[in-house]
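**Q** Take a look at this one; I'll ask things after.
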Amino acid sequence: MQYISAKKMILPVKYEIDLFGSTHMMNIYRGCDHGCIYCDSRSECYQGGRPEGDFGVVHAKENALFLIEQELQARRKANAPEMVIGTGSMSDPYNSFEKELELTRNALRLFDKYRCGVGVITKSALVARDADLFSAISKHSPVNVGITITTPDEELCRKIEPNVSTPAKRFDAIKKLSDAEVFCGVHMNPILPNITDSEENVRRIVEKSAENGAEYVLCYGFGMTLRKGNREYYYENLDKEWPGLKEKYMKTYGSKYVCDCENAKELAAVFAEECEKYSLLYKIKDINRVWKKQKPMQKHLFDFEK
């Protein structure tokens, strides 16, 4: 792990419709040590030209907490409207170093202090450590914790996500967050063609999500993305674990960015059926509507000092 400096931490969401319902985004780390073979953040368009090099090397932003508090103080002085900060879209906020550094945990303390909402995406069971802070924030602002689980199969998980918490531990984290009355759910993407694209895999994820108290299961496409940088890394790992599968990908997808599973329509139907069966939210608009439905009362300056 290495340290880098930063000039700004909290950035407005640029997209007209943000997938996760956040108004702002924050990455307190750069890079990730989970080692997922399919990670889109490894793409050249994100990493090209950066002096810190390999995406697998984690970089912590040494002045992150100072900047976050400065930016939240400025928001308070401007009497800005409700802010919901998303984190985890580019690098996991709960990498292996977070247990000791607690940068994400301390950022959550600041979100609570300045009355901001938060949306988190992670593959780490460590997120359950911060159930107390998510619960505190939810008393005044929206909270959504999404844990990515692409397969409940422990052996398969080790091949495609070698350094992450086991699926069992991640489902247990969902249970702990749910017991703390934190809005949480499971992100099922990506679906890897010819690897995790079975109906049984989809059914088991949805069933175990329901068993552990998830509010939703999200799958925003039955396939994966491949572009320069992560494509080469992914193919290299396919050759190690599934010899010959790379050639099938190359023939089927060529240089396509979005690589849909051949049985995507069938998987989508099974997914919707299973979510309806267990009364789980699964449409993005419904998930965002529910987790952001509690609008805090009008803030006064003295609220920020509590």
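Residue numbering restarts at 1 for every chain of the structure tokens, chains are lettered A, B, ... in their displayed order, and ligands are numbered from 1 as they appear.
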Counting only C-alpha atoms, what is within 8 Å of Val120 (chain A), bar same-chain residues fewer than 4 positions away, as a list in words?

**A** Gly86, Thr87, Gly88, Asn144, Val145 and Gly146 of chain A

**Q** Residues as selected, all heavy atoms, written as a JSON list (two decimals), in the first residue's frame, can you do that?

**A**
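Result file is selection_8.json:
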```
[["chain", "number", "residue", "atom", "x", "y", "z"],
["A", 86, "GLY", "N", -21.87, 8.61, -2.83],
["A", 86, "GLY", "CA", -21.64, 7.22, -3.20],
["A", 86, "GLY", "C", -20.16, 6.90, -3.19],
["A", 86, "GLY", "O", -19.32, 7.74, -3.54],
["A", 87, "THR", "N", -19.81, 5.67, -2.82],
["A", 87, "THR", "CA", -18.42, 5.25, -2.83],
["A", 87, "THR", "C", -18.33, 3.76, -3.14],
["A", 87, "THR", "O", -19.19, 2.98, -2.72],
["A", 87, "THR", "CB", -17.72, 5.57, -1.50],
["A", 87, "THR", "OG1", -16.33, 5.24, -1.61],
["A", 87, "THR", "CG2", -18.31, 4.80, -0.34],
["A", 88, "GLY", "N", -17.30, 3.39, -3.89],
["A", 88, "GLY", "CA", -17.11, 1.99, -4.23],
["A", 88, "GLY", "C", -17.27, 1.68, -5.71],
["A", 88, "GLY", "O", -17.14, 0.53, -6.11],
["A", 144, "ASN", "N", -27.62, 3.28, 1.87],
["A", 144, "ASN", "CA", -27.76, 2.05, 1.09],
["A", 144, "ASN", "C", -26.41, 1.35, 1.04],
["A", 144, "ASN", "O", -25.44, 1.91, 0.53],
["A", 144, "ASN", "CB", -28.25, 2.36, -0.33],
["A", 144, "ASN", "CG", -28.44, 1.11, -1.17],
["A", 144, "ASN", "OD1", -28.20, -0.01, -0.73],
["A", 144, "ASN", "ND2", -28.87, 1.31, -2.41],
["A", 145, "VAL", "N", -26.34, 0.14, 1.57],
["A", 145, "VAL", "CA", -25.11, -0.65, 1.51],
["A", 145, "VAL", "C", -25.34, -1.82, 0.56],
["A", 145, "VAL", "O", -26.18, -2.68, 0.83],
["A", 145, "VAL", "CB", -24.69, -1.16, 2.89],
["A", 145, "VAL", "CG1", -23.43, -2.03, 2.76],
["A", 145, "VAL", "CG2", -24.44, 0.00, 3.84],
["A", 146, "GLY", "N", -24.61, -1.82, -0.55],
["A", 146, "GLY", "CA", -24.72, -2.91, -1.51],
["A", 146, "GLY", "C", -23.47, -3.78, -1.46],
["A", 146, "GLY", "O", -22.35, -3.27, -1.56]]
```

**Q** Just list the residues in region 1-74 of chain A DSSP gives strand (DSSP E) on the backbone, as a ChimeraX atom specification.

**A** /A:2-4,10-12,24-26,29-30,59-61

**Q** Quick one: everything within 8 Å of Val143 (chain A), counting only C-alpha atoms, minus sequence neighbours fewer than 4 positions away in the same chain. Send it as a list in words.

**A**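 Close residues of Val143 (chain A): Gly117, Val118, Gly119, Phe134, Ile137, Ser138, Val182, Phe183, Trp291 and Lys292 of chain A.
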
**Q** Generate the output file for the selected residues, N, CA and C atoms, as a JSON list (two decimals), in the first residue's frame.

**A**
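File part.json, as written:
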```json
[["chain", "number", "residue", "atom", "x", "y", "z"],
["A", 117, "GLY", "N", -26.11, 11.72, 3.40],
["A", 117, "GLY", "CA", -26.46, 10.34, 3.12],
["A", 117, "GLY", "C", -25.28, 9.63, 2.48],
["A", 118, "VAL", "N", -25.38, 8.29, 2.38],
["A", 118, "VAL", "CA", -24.26, 7.53, 1.82],
["A", 118, "VAL", "C", -24.76, 6.27, 1.12],
["A", 119, "GLY", "N", -24.12, 5.96, -0.01],
["A", 119, "GLY", "CA", -24.36, 4.70, -0.72],
["A", 119, "GLY", "C", -23.03, 4.01, -0.91],
["A", 134, "PHE", "N", -23.67, 3.38, 9.93],
["A", 134, "PHE", "CA", -24.73, 3.38, 8.91],
["A", 134, "PHE", "C", -26.08, 3.57, 9.57],
["A", 137, "ILE", "N", -26.40, 7.26, 10.62],
["A", 137, "ILE", "CA", -26.65, 8.14, 9.46],
["A", 137, "ILE", "C", -28.07, 7.99, 8.95],
["A", 138, "SER", "N", -28.59, 6.77, 9.00],
["A", 138, "SER", "CA", -29.94, 6.52, 8.48],
["A", 138, "SER", "C", -31.02, 7.24, 9.28],
["A", 182, "VAL", "N", -30.24, -1.43, 8.75],
["A", 182, "VAL", "CA", -29.59, -0.68, 7.68],
["A", 182, "VAL", "C", -30.12, -1.19, 6.34],
["A", 183, "PHE", "N", -30.54, -0.28, 5.48],
["A", 183, "PHE", "CA", -31.02, -0.68, 4.15],
["A", 183, "PHE", "C", -29.85, -1.27, 3.37],
["A", 291, "TRP", "N", -34.89, 3.49, -0.92],
["A", 291, "TRP", "CA", -33.81, 3.85, 0.03],
["A", 291, "TRP", "C", -33.67, 5.35, 0.21],
["A", 292, "LYS", "N", -34.22, 6.11, -0.73],
["A", 292, "LYS", "CA", -34.13, 7.56, -0.60],
["A", 292, "LYS", "C", -35.47, 8.21, -0.24]]
```

**Q** Quick one: pull the distance between CA of Ala125 (chain A) and CA of Val217 (chain A), Å, one decimal.

**A**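 The value is 16.8 Å.
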
**Q** With only C-alpha atoms as the atoms that count, which of A:Ser124, A:Leu280, A:Tyr220, A:Glu207 lies nearest to Asn163 (chain A)?

**A**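 Distance minimum relative to Asn163 (chain A) lands on A:Ser124.
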
**Q** Residues near Glu266 (chain A), anyone? I mean within 10 Å using only C-alpha atoms, not counting same-chain ones fewer than 6 positions away, as an mmCIF file with N, CA, C and O atoms, in the first residue's frame.

**A**
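Dumped everything to out-v2.cif:
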```cif
data_model
loop_
_atom_site.group_PDB
_atom_site.id
_atom_site.type_symbol
_atom_site.label_atom_id
_atom_site.label_comp_id
_atom_site.auth_asym_id
_atom_site.auth_seq_id
_atom_site.Cartn_x
_atom_site.Cartn_y
_atom_site.Cartn_z
ATOM 1 N N SER A 198 -25.469 -19.491 -15.056
ATOM 2 C CA SER A 198 -26.449 -20.575 -14.945
ATOM 3 C C SER A 198 -27.669 -20.102 -14.169
ATOM 4 O O SER A 198 -27.575 -19.231 -13.297
ATOM 5 N N GLU A 199 -28.801 -20.684 -14.469
ATOM 6 C CA GLU A 199 -30.025 -20.349 -13.750
ATOM 7 C C GLU A 199 -29.882 -20.717 -12.273
ATOM 8 O O GLU A 199 -30.392 -20.015 -11.402
ATOM 9 N N PHE A 222 -27.232 -8.846 -17.823
ATOM 10 C CA PHE A 222 -26.805 -10.236 -17.681
ATOM 11 C C PHE A 222 -25.641 -10.497 -18.621
ATOM 12 O O PHE A 222 -25.788 -11.038 -19.720
#
```

**Q** For Phe55 (chain A), which of A:Pro167, A:Gly223, A:Gly229, A:Pro243 is the closest residue, counting only C-alpha atoms?

**A** A:Gly229

**Q** Run DSSP on the backbone and grab whatever in region 15-154 of chain A lands in helix (DSSP H, G or I); send it over as a PyMOL selection string.

**A** chain A and resi 40-42+44-47+64-77+98-101+103-113+125-138+154

**Q** With a distance cut-off of 8 Å and only C-alpha atoms, select the neighbouring residues of Thr104 (chain A), excluding the residue or stretch itself and same-chain residues fewer than 5 positions from it, and output the selection as a PDB file with C-alpha atoms, in the first residue's frame.

**A**
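The new file part_35.pdb reads:
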```pdb
ATOM      1  CA  ILE A  28     -10.900   7.431  -0.565  1.00  0.00           C
ATOM      2  CA  PRO A  93     -13.656   1.347   0.219  1.00  0.00           C
ATOM      3  CA  TYR A  94     -13.185  -1.813   2.300  1.00  0.00           C
ATOM      4  CA  GLU A  98      -9.152  -0.427   5.715  1.00  0.00           C
TER       5      GLU A  98
END
```
